Amino acid sequence: KIDAVYRLETALELLAFMNEDEANSGCSTKPDRVTYNAILTVIASTAQTVSVSSPVWNQLEEKYPRLFAYGLTSWTMRERLVHTILDQMEDLNIQQDEQSFRQALLAVGSQGLVAVVQVVGRFTKDGRLATNTSL
């Protein structure tokens, strides 16, 4: 469990540094699809080891509030994080691929059918799932 939390916090910290460096110093560290898919993979890996009721999630939200949108929903912190990451990808015009879809589903799958349907809905809303036969 400690390793999973460490990996998740490290991944979120790296994402924050990449965004800050791009914005503040003009460094070419803008996150890309590989970066976001890696973050989603790390989030998915916590699904088996870090419970949704763990205080770790509140600590991460305090440290990285921009990564935990949807505060008014009944979603778990993990769901909020996944949807915020997917939002960031869309906002930056980063095309989500089969890895994005797979890792997002794995990250929220343990939350039940509603959580899975919400992720599937994101990928079907604009026809991505229907037109991409590799998904």
# chains A, B, ... in the order shown; residues from 1 in each chain; ligands from 1
$ residues_around --residues "Asp3 in chain A" --least-positions-apart "5" --cutoff "12 Å" --atoms "only C-alpha atoms" --output "list in words"
Leu8, Glu9, Thr10, Val42, Ser45, Thr46, Thr49 and Val50 of chain A
$ write_last_selection --atoms "N, CA, C and O atoms" --output "PDB file, in the first residue's frame"
ATOM      1  N   LEU A   8       1.645   7.104  -6.632  1.00  0.00           N
ATOM      2  CA  LEU A   8       0.583   8.038  -7.011  1.00  0.00           C
ATOM      3  C   LEU A   8       0.991   9.474  -6.692  1.00  0.00           C
ATOM      4  O   LEU A   8       0.857  10.361  -7.533  1.00  0.00           O
ATOM      5  N   GLU A   9       1.503   9.688  -5.513  1.00  0.00           N
ATOM      6  CA  GLU A   9       1.912  11.048  -5.149  1.00  0.00           C
ATOM      7  C   GLU A   9       3.055  11.539  -6.041  1.00  0.00           C
ATOM      8  O   GLU A   9       3.063  12.687  -6.471  1.00  0.00           O
ATOM      9  N   THR A  10       3.990  10.673  -6.357  1.00  0.00           N
ATOM     10  CA  THR A  10       5.097  11.038  -7.236  1.00  0.00           C
ATOM     11  C   THR A  10       4.589  11.390  -8.633  1.00  0.00           C
ATOM     12  O   THR A  10       5.033  12.375  -9.237  1.00  0.00           O
ATOM     13  N   VAL A  42      -1.103   4.700 -13.135  1.00  0.00           N
ATOM     14  CA  VAL A  42      -0.758   4.735 -11.707  1.00  0.00           C
ATOM     15  C   VAL A  42      -2.032   4.804 -10.866  1.00  0.00           C
ATOM     16  O   VAL A  42      -2.148   4.112  -9.850  1.00  0.00           O
ATOM     17  N   SER A  45      -3.583   1.458 -10.759  1.00  0.00           N
ATOM     18  CA  SER A  45      -2.851   0.505  -9.916  1.00  0.00           C
ATOM     19  C   SER A  45      -3.183   0.674  -8.439  1.00  0.00           C
ATOM     20  O   SER A  45      -2.978  -0.252  -7.656  1.00  0.00           O
ATOM     21  N   THR A  46      -3.699   1.836  -8.060  1.00  0.00           N
ATOM     22  CA  THR A  46      -4.076   2.037  -6.655  1.00  0.00           C
ATOM     23  C   THR A  46      -5.429   1.418  -6.329  1.00  0.00           C
ATOM     24  O   THR A  46      -5.766   1.266  -5.160  1.00  0.00           O
ATOM     25  N   THR A  49      -5.166  -1.459  -3.977  1.00  0.00           N
ATOM     26  CA  THR A  49      -4.411  -1.330  -2.731  1.00  0.00           C
ATOM     27  C   THR A  49      -4.825  -0.172  -1.835  1.00  0.00           C
ATOM     28  O   THR A  49      -4.597  -0.229  -0.636  1.00  0.00           O
ATOM     29  N   VAL A  50      -5.400   0.875  -2.404  1.00  0.00           N
ATOM     30  CA  VAL A  50      -5.769   2.048  -1.612  1.00  0.00           C
ATOM     31  C   VAL A  50      -7.286   2.202  -1.661  1.00  0.00           C
ATOM     32  O   VAL A  50      -7.848   2.496  -2.716  1.00  0.00           O
TER      33      VAL A  50
END
$ select_by_dssp --residues "range 52-124 of chain A" --states "alpha helix (DSSP H)" --output "PyMOL selection string"
chain A and resi 55-63+77-91+98-108+113-124
$ write_last_selection --atoms "C-alpha atoms" --output "CSV table (one decimal), in the first residue's frame"
chain,number,residue,atom,x,y,z
A,55,PRO,CA,-7.3,9.5,4.2
A,56,VAL,CA,-4.6,9.5,1.5
A,57,TRP,CA,-7.2,10.8,-1.0
A,58,ASN,CA,-8.0,13.9,1.2
A,59,GLN,CA,-4.3,14.6,1.6
A,60,LEU,CA,-3.7,14.4,-2.1
A,61,GLU,CA,-6.7,16.7,-2.8
A,62,GLU,CA,-5.2,19.2,-0.3
A,63,LYS,CA,-1.8,19.1,-2.0
A,77,MET,CA,-11.8,11.0,-5.0
A,78,ARG,CA,-10.4,8.4,-7.4
A,79,GLU,CA,-13.3,9.0,-9.8
A,80,ARG,CA,-12.9,12.8,-9.5
A,81,LEU,CA,-9.1,12.4,-10.2
A,82,VAL,CA,-9.7,10.3,-13.3
A,83,HIS,CA,-12.4,12.6,-14.7
A,84,THR,CA,-10.2,15.6,-14.1
A,85,ILE,CA,-7.2,14.0,-15.9
A,86,LEU,CA,-9.5,13.2,-18.8
A,87,ASP,CA,-10.8,16.8,-18.8
A,88,GLN,CA,-7.2,18.1,-18.9
A,89,MET,CA,-6.5,15.9,-21.9
A,90,GLU,CA,-9.5,17.3,-23.7
A,91,ASP,CA,-8.7,20.9,-22.7
A,98,GLU,CA,-7.3,2.9,-26.2
A,99,GLN,CA,-4.8,3.1,-23.3
A,100,SER,CA,-6.6,6.1,-21.9
A,101,PHE,CA,-9.9,4.3,-22.1
A,102,ARG,CA,-8.6,1.1,-20.6
A,103,GLN,CA,-6.8,2.7,-17.7
A,104,ALA,CA,-9.6,5.0,-16.9
A,105,LEU,CA,-12.0,2.0,-16.7
A,106,LEU,CA,-9.5,0.1,-14.6
A,107,ALA,CA,-9.2,3.0,-12.2
A,108,VAL,CA,-12.9,3.4,-11.6
A,113,LEU,CA,-21.4,0.0,-12.8
A,114,VAL,CA,-22.3,3.6,-12.5
A,115,ALA,CA,-18.7,4.7,-12.4
A,116,VAL,CA,-17.9,2.5,-15.4
A,117,VAL,CA,-20.9,3.8,-17.4
A,118,GLN,CA,-19.7,7.4,-16.7
A,119,VAL,CA,-16.3,6.7,-18.2
A,120,VAL,CA,-17.8,4.8,-21.2
A,121,GLY,CA,-20.1,7.8,-21.7
A,122,ARG,CA,-17.1,10.1,-22.0
A,123,PHE,CA,-15.6,8.0,-24.8
A,124,THR,CA,-18.9,7.6,-26.7
$ atom_distance --atom1 "CA of Leu15 in chain A" --atom2 "CA of Ile39 in chain A"
8.1 Å
$ closest_residue --among "A:Gln111, A:Asp97, A:Val52, A:Tyr64" --to "Asn37 in chain A" --atoms "only C-alpha atoms"
A:Asp97
$ closest_residue --among "A:Thr76, A:Thr35, A:Ser53, A:Thr29" --to "Ile94 in chain A" --atoms "only C-alpha atoms"
A:Thr35
$ closest_residue --among "A:Ile43, A:Ala16, A:Leu67, A:Ile2" --to "Lys30 in chain A" --atoms "only C-alpha atoms"
A:Ala16
$ closest_residue --among "A:Ala47, A:Leu40, A:Phe17, A:Glu22" --to "Ser110 in chain A" --atoms "only C-alpha atoms"
A:Ala47
$ decode --residues "range 47-91 of chain A" --atoms "N, CA and C atoms" --output "mmCIF file, in the first residue's frame"
data_model
loop_
_atom_site.group_PDB
_atom_site.id
_atom_site.type_symbol
_atom_site.label_atom_id
_atom_site.label_comp_id
_atom_site.auth_asym_id
_atom_site.auth_seq_id
_atom_site.Cartn_x
_atom_site.Cartn_y
_atom_site.Cartn_z
ATOM 1 N N ALA A 47 -6.188 1.067 -7.353
ATOM 2 C CA ALA A 47 -7.554 0.572 -7.125
ATOM 3 C C ALA A 47 -7.587 -0.665 -6.248
ATOM 4 N N GLN A 48 -6.561 -1.490 -6.332
ATOM 5 C CA GLN A 48 -6.535 -2.724 -5.554
ATOM 6 C C GLN A 48 -5.905 -2.546 -4.179
ATOM 7 N N THR A 49 -5.166 -1.459 -3.977
ATOM 8 C CA THR A 49 -4.411 -1.330 -2.731
ATOM 9 C C THR A 49 -4.825 -0.172 -1.835
ATOM 10 N N VAL A 50 -5.400 0.875 -2.404
ATOM 11 C CA VAL A 50 -5.769 2.048 -1.612
ATOM 12 C C VAL A 50 -7.286 2.202 -1.661
ATOM 13 N N SER A 51 -7.931 1.994 -0.539
ATOM 14 C CA SER A 51 -9.402 2.062 -0.517
ATOM 15 C C SER A 51 -9.877 3.486 -0.768
ATOM 16 N N VAL A 52 -11.101 3.609 -1.256
ATOM 17 C CA VAL A 52 -11.650 4.932 -1.555
ATOM 18 C C VAL A 52 -11.884 5.742 -0.288
ATOM 19 N N SER A 53 -11.933 5.082 0.857
ATOM 20 C CA SER A 53 -12.148 5.797 2.115
ATOM 21 C C SER A 53 -10.832 6.140 2.822
ATOM 22 N N SER A 54 -9.718 5.821 2.206
ATOM 23 C CA SER A 54 -8.417 6.112 2.800
ATOM 24 C C SER A 54 -8.209 7.622 2.925
ATOM 25 N N PRO A 55 -7.628 8.069 4.029
ATOM 26 C CA PRO A 55 -7.340 9.500 4.185
ATOM 27 C C PRO A 55 -6.306 10.020 3.183
ATOM 28 N N VAL A 56 -5.625 9.121 2.513
ATOM 29 C CA VAL A 56 -4.639 9.507 1.496
ATOM 30 C C VAL A 56 -5.285 10.394 0.445
ATOM 31 N N TRP A 57 -6.503 10.081 0.050
ATOM 32 C CA TRP A 57 -7.176 10.842 -1.000
ATOM 33 C C TRP A 57 -7.397 12.290 -0.578
ATOM 34 N N ASN A 58 -7.794 12.514 0.665
ATOM 35 C CA ASN A 58 -7.992 13.886 1.151
ATOM 36 C C ASN A 58 -6.662 14.639 1.193
ATOM 37 N N GLN A 59 -5.604 13.943 1.577
ATOM 38 C CA GLN A 59 -4.281 14.572 1.609
ATOM 39 C C GLN A 59 -3.836 14.965 0.207
ATOM 40 N N LEU A 60 -4.092 14.091 -0.752
ATOM 41 C CA LEU A 60 -3.725 14.403 -2.133
ATOM 42 C C LEU A 60 -4.552 15.559 -2.677
ATOM 43 N N GLU A 61 -5.826 15.601 -2.322
ATOM 44 C CA GLU A 61 -6.672 16.708 -2.780
ATOM 45 C C GLU A 61 -6.178 18.033 -2.207
ATOM 46 N N GLU A 62 -5.753 18.026 -0.947
ATOM 47 C CA GLU A 62 -5.227 19.250 -0.344
ATOM 48 C C GLU A 62 -3.955 19.705 -1.048
ATOM 49 N N LYS A 63 -3.117 18.763 -1.417
ATOM 50 C CA LYS A 63 -1.842 19.094 -2.047
ATOM 51 C C LYS A 63 -1.997 19.472 -3.521
ATOM 52 N N TYR A 64 -2.948 18.821 -4.216
ATOM 53 C CA TYR A 64 -3.156 19.041 -5.657
ATOM 54 C C TYR A 64 -4.634 19.330 -5.944
ATOM 55 N N PRO A 65 -5.171 20.440 -5.444
ATOM 56 C CA PRO A 65 -6.618 20.702 -5.583
ATOM 57 C C PRO A 65 -7.094 20.802 -7.031
ATOM 58 N N ARG A 66 -6.219 21.219 -7.941
ATOM 59 C CA ARG A 66 -6.613 21.347 -9.349
ATOM 60 C C ARG A 66 -6.847 20.004 -10.021
ATOM 61 N N LEU A 67 -6.390 18.935 -9.400
ATOM 62 C CA LEU A 67 -6.560 17.603 -9.989
ATOM 63 C C LEU A 67 -7.799 16.879 -9.458
ATOM 64 N N PHE A 68 -8.534 17.545 -8.601
ATOM 65 C CA PHE A 68 -9.716 16.908 -8.007
ATOM 66 C C PHE A 68 -10.947 17.802 -8.204
ATOM 67 N N ALA A 69 -11.339 17.984 -9.459
ATOM 68 C CA ALA A 69 -12.544 18.750 -9.770
ATOM 69 C C ALA A 69 -13.771 17.916 -9.387
ATOM 70 N N TYR A 70 -14.925 18.408 -9.687
ATOM 71 C CA TYR A 70 -16.182 17.702 -9.439
ATOM 72 C C TYR A 70 -16.459 17.534 -7.940
ATOM 73 N N GLY A 71 -16.084 18.541 -7.154
ATOM 74 C CA GLY A 71 -16.279 18.474 -5.706
ATOM 75 C C GLY A 71 -17.724 18.370 -5.266
ATOM 76 N N LEU A 72 -18.641 18.783 -6.105
ATOM 77 C CA LEU A 72 -20.062 18.757 -5.723
ATOM 78 C C LEU A 72 -20.747 17.452 -6.105
ATOM 79 N N THR A 73 -19.992 16.528 -6.658
ATOM 80 C CA THR A 73 -20.578 15.237 -7.038
ATOM 81 C C THR A 73 -20.454 14.254 -5.877
ATOM 82 N N SER A 74 -21.080 13.131 -6.017
ATOM 83 C CA SER A 74 -20.958 12.074 -5.010
ATOM 84 C C SER A 74 -19.847 11.091 -5.381
ATOM 85 N N TRP A 75 -19.037 11.465 -6.374
ATOM 86 C CA TRP A 75 -17.966 10.590 -6.823
ATOM 87 C C TRP A 75 -16.899 10.439 -5.750
ATOM 88 N N THR A 76 -16.211 9.316 -5.780
ATOM 89 C CA THR A 76 -15.065 9.117 -4.897
ATOM 90 C C THR A 76 -13.919 9.993 -5.394
ATOM 91 N N MET A 77 -12.928 10.156 -4.554
ATOM 92 C CA MET A 77 -11.755 10.955 -4.950
ATOM 93 C C MET A 77 -11.082 10.344 -6.176
ATOM 94 N N ARG A 78 -11.009 9.032 -6.231
ATOM 95 C CA ARG A 78 -10.380 8.379 -7.390
ATOM 96 C C ARG A 78 -11.152 8.725 -8.658
ATOM 97 N N GLU A 79 -12.485 8.672 -8.604
ATOM 98 C CA GLU A 79 -13.288 9.016 -9.782
ATOM 99 C C GLU A 79 -13.076 10.469 -10.172
ATOM 100 N N ARG A 80 -13.058 11.351 -9.191
ATOM 101 C CA ARG A 80 -12.853 12.768 -9.473
ATOM 102 C C ARG A 80 -11.495 12.995 -10.143
ATOM 103 N N LEU A 81 -10.473 12.321 -9.655
ATOM 104 C CA LEU A 81 -9.139 12.448 -10.228
ATOM 105 C C LEU A 81 -9.109 11.956 -11.672
ATOM 106 N N VAL A 82 -9.701 10.808 -11.924
ATOM 107 C CA VAL A 82 -9.726 10.257 -13.287
ATOM 108 C C VAL A 82 -10.440 11.214 -14.239
ATOM 109 N N HIS A 83 -11.607 11.703 -13.851
ATOM 110 C CA HIS A 83 -12.351 12.599 -14.741
ATOM 111 C C HIS A 83 -11.627 13.927 -14.937
ATOM 112 N N THR A 84 -10.935 14.416 -13.914
ATOM 113 C CA THR A 84 -10.168 15.646 -14.069
ATOM 114 C C THR A 84 -9.008 15.434 -15.034
ATOM 115 N N ILE A 85 -8.335 14.298 -14.936
ATOM 116 C CA ILE A 85 -7.240 13.988 -15.866
ATOM 117 C C ILE A 85 -7.783 13.917 -17.301
ATOM 118 N N LEU A 86 -8.914 13.258 -17.490
ATOM 119 C CA LEU A 86 -9.517 13.179 -18.824
ATOM 120 C C LEU A 86 -9.924 14.564 -19.321
ATOM 121 N N ASP A 87 -10.438 15.410 -18.419
ATOM 122 C CA ASP A 87 -10.781 16.789 -18.786
ATOM 123 C C ASP A 87 -9.543 17.548 -19.252
ATOM 124 N N GLN A 88 -8.452 17.397 -18.512
ATOM 125 C CA GLN A 88 -7.222 18.097 -18.887
ATOM 126 C C GLN A 88 -6.755 17.665 -20.270
ATOM 127 N N MET A 89 -6.848 16.388 -20.542
ATOM 128 C CA MET A 89 -6.461 15.905 -21.865
ATOM 129 C C MET A 89 -7.317 16.575 -22.937
ATOM 130 N N GLU A 90 -8.618 16.634 -22.706
ATOM 131 C CA GLU A 90 -9.512 17.268 -23.678
ATOM 132 C C GLU A 90 -9.212 18.752 -23.811
ATOM 133 N N ASP A 91 -8.994 19.440 -22.685
ATOM 134 C CA ASP A 91 -8.712 20.875 -22.716
ATOM 135 C C ASP A 91 -7.442 21.195 -23.488
#
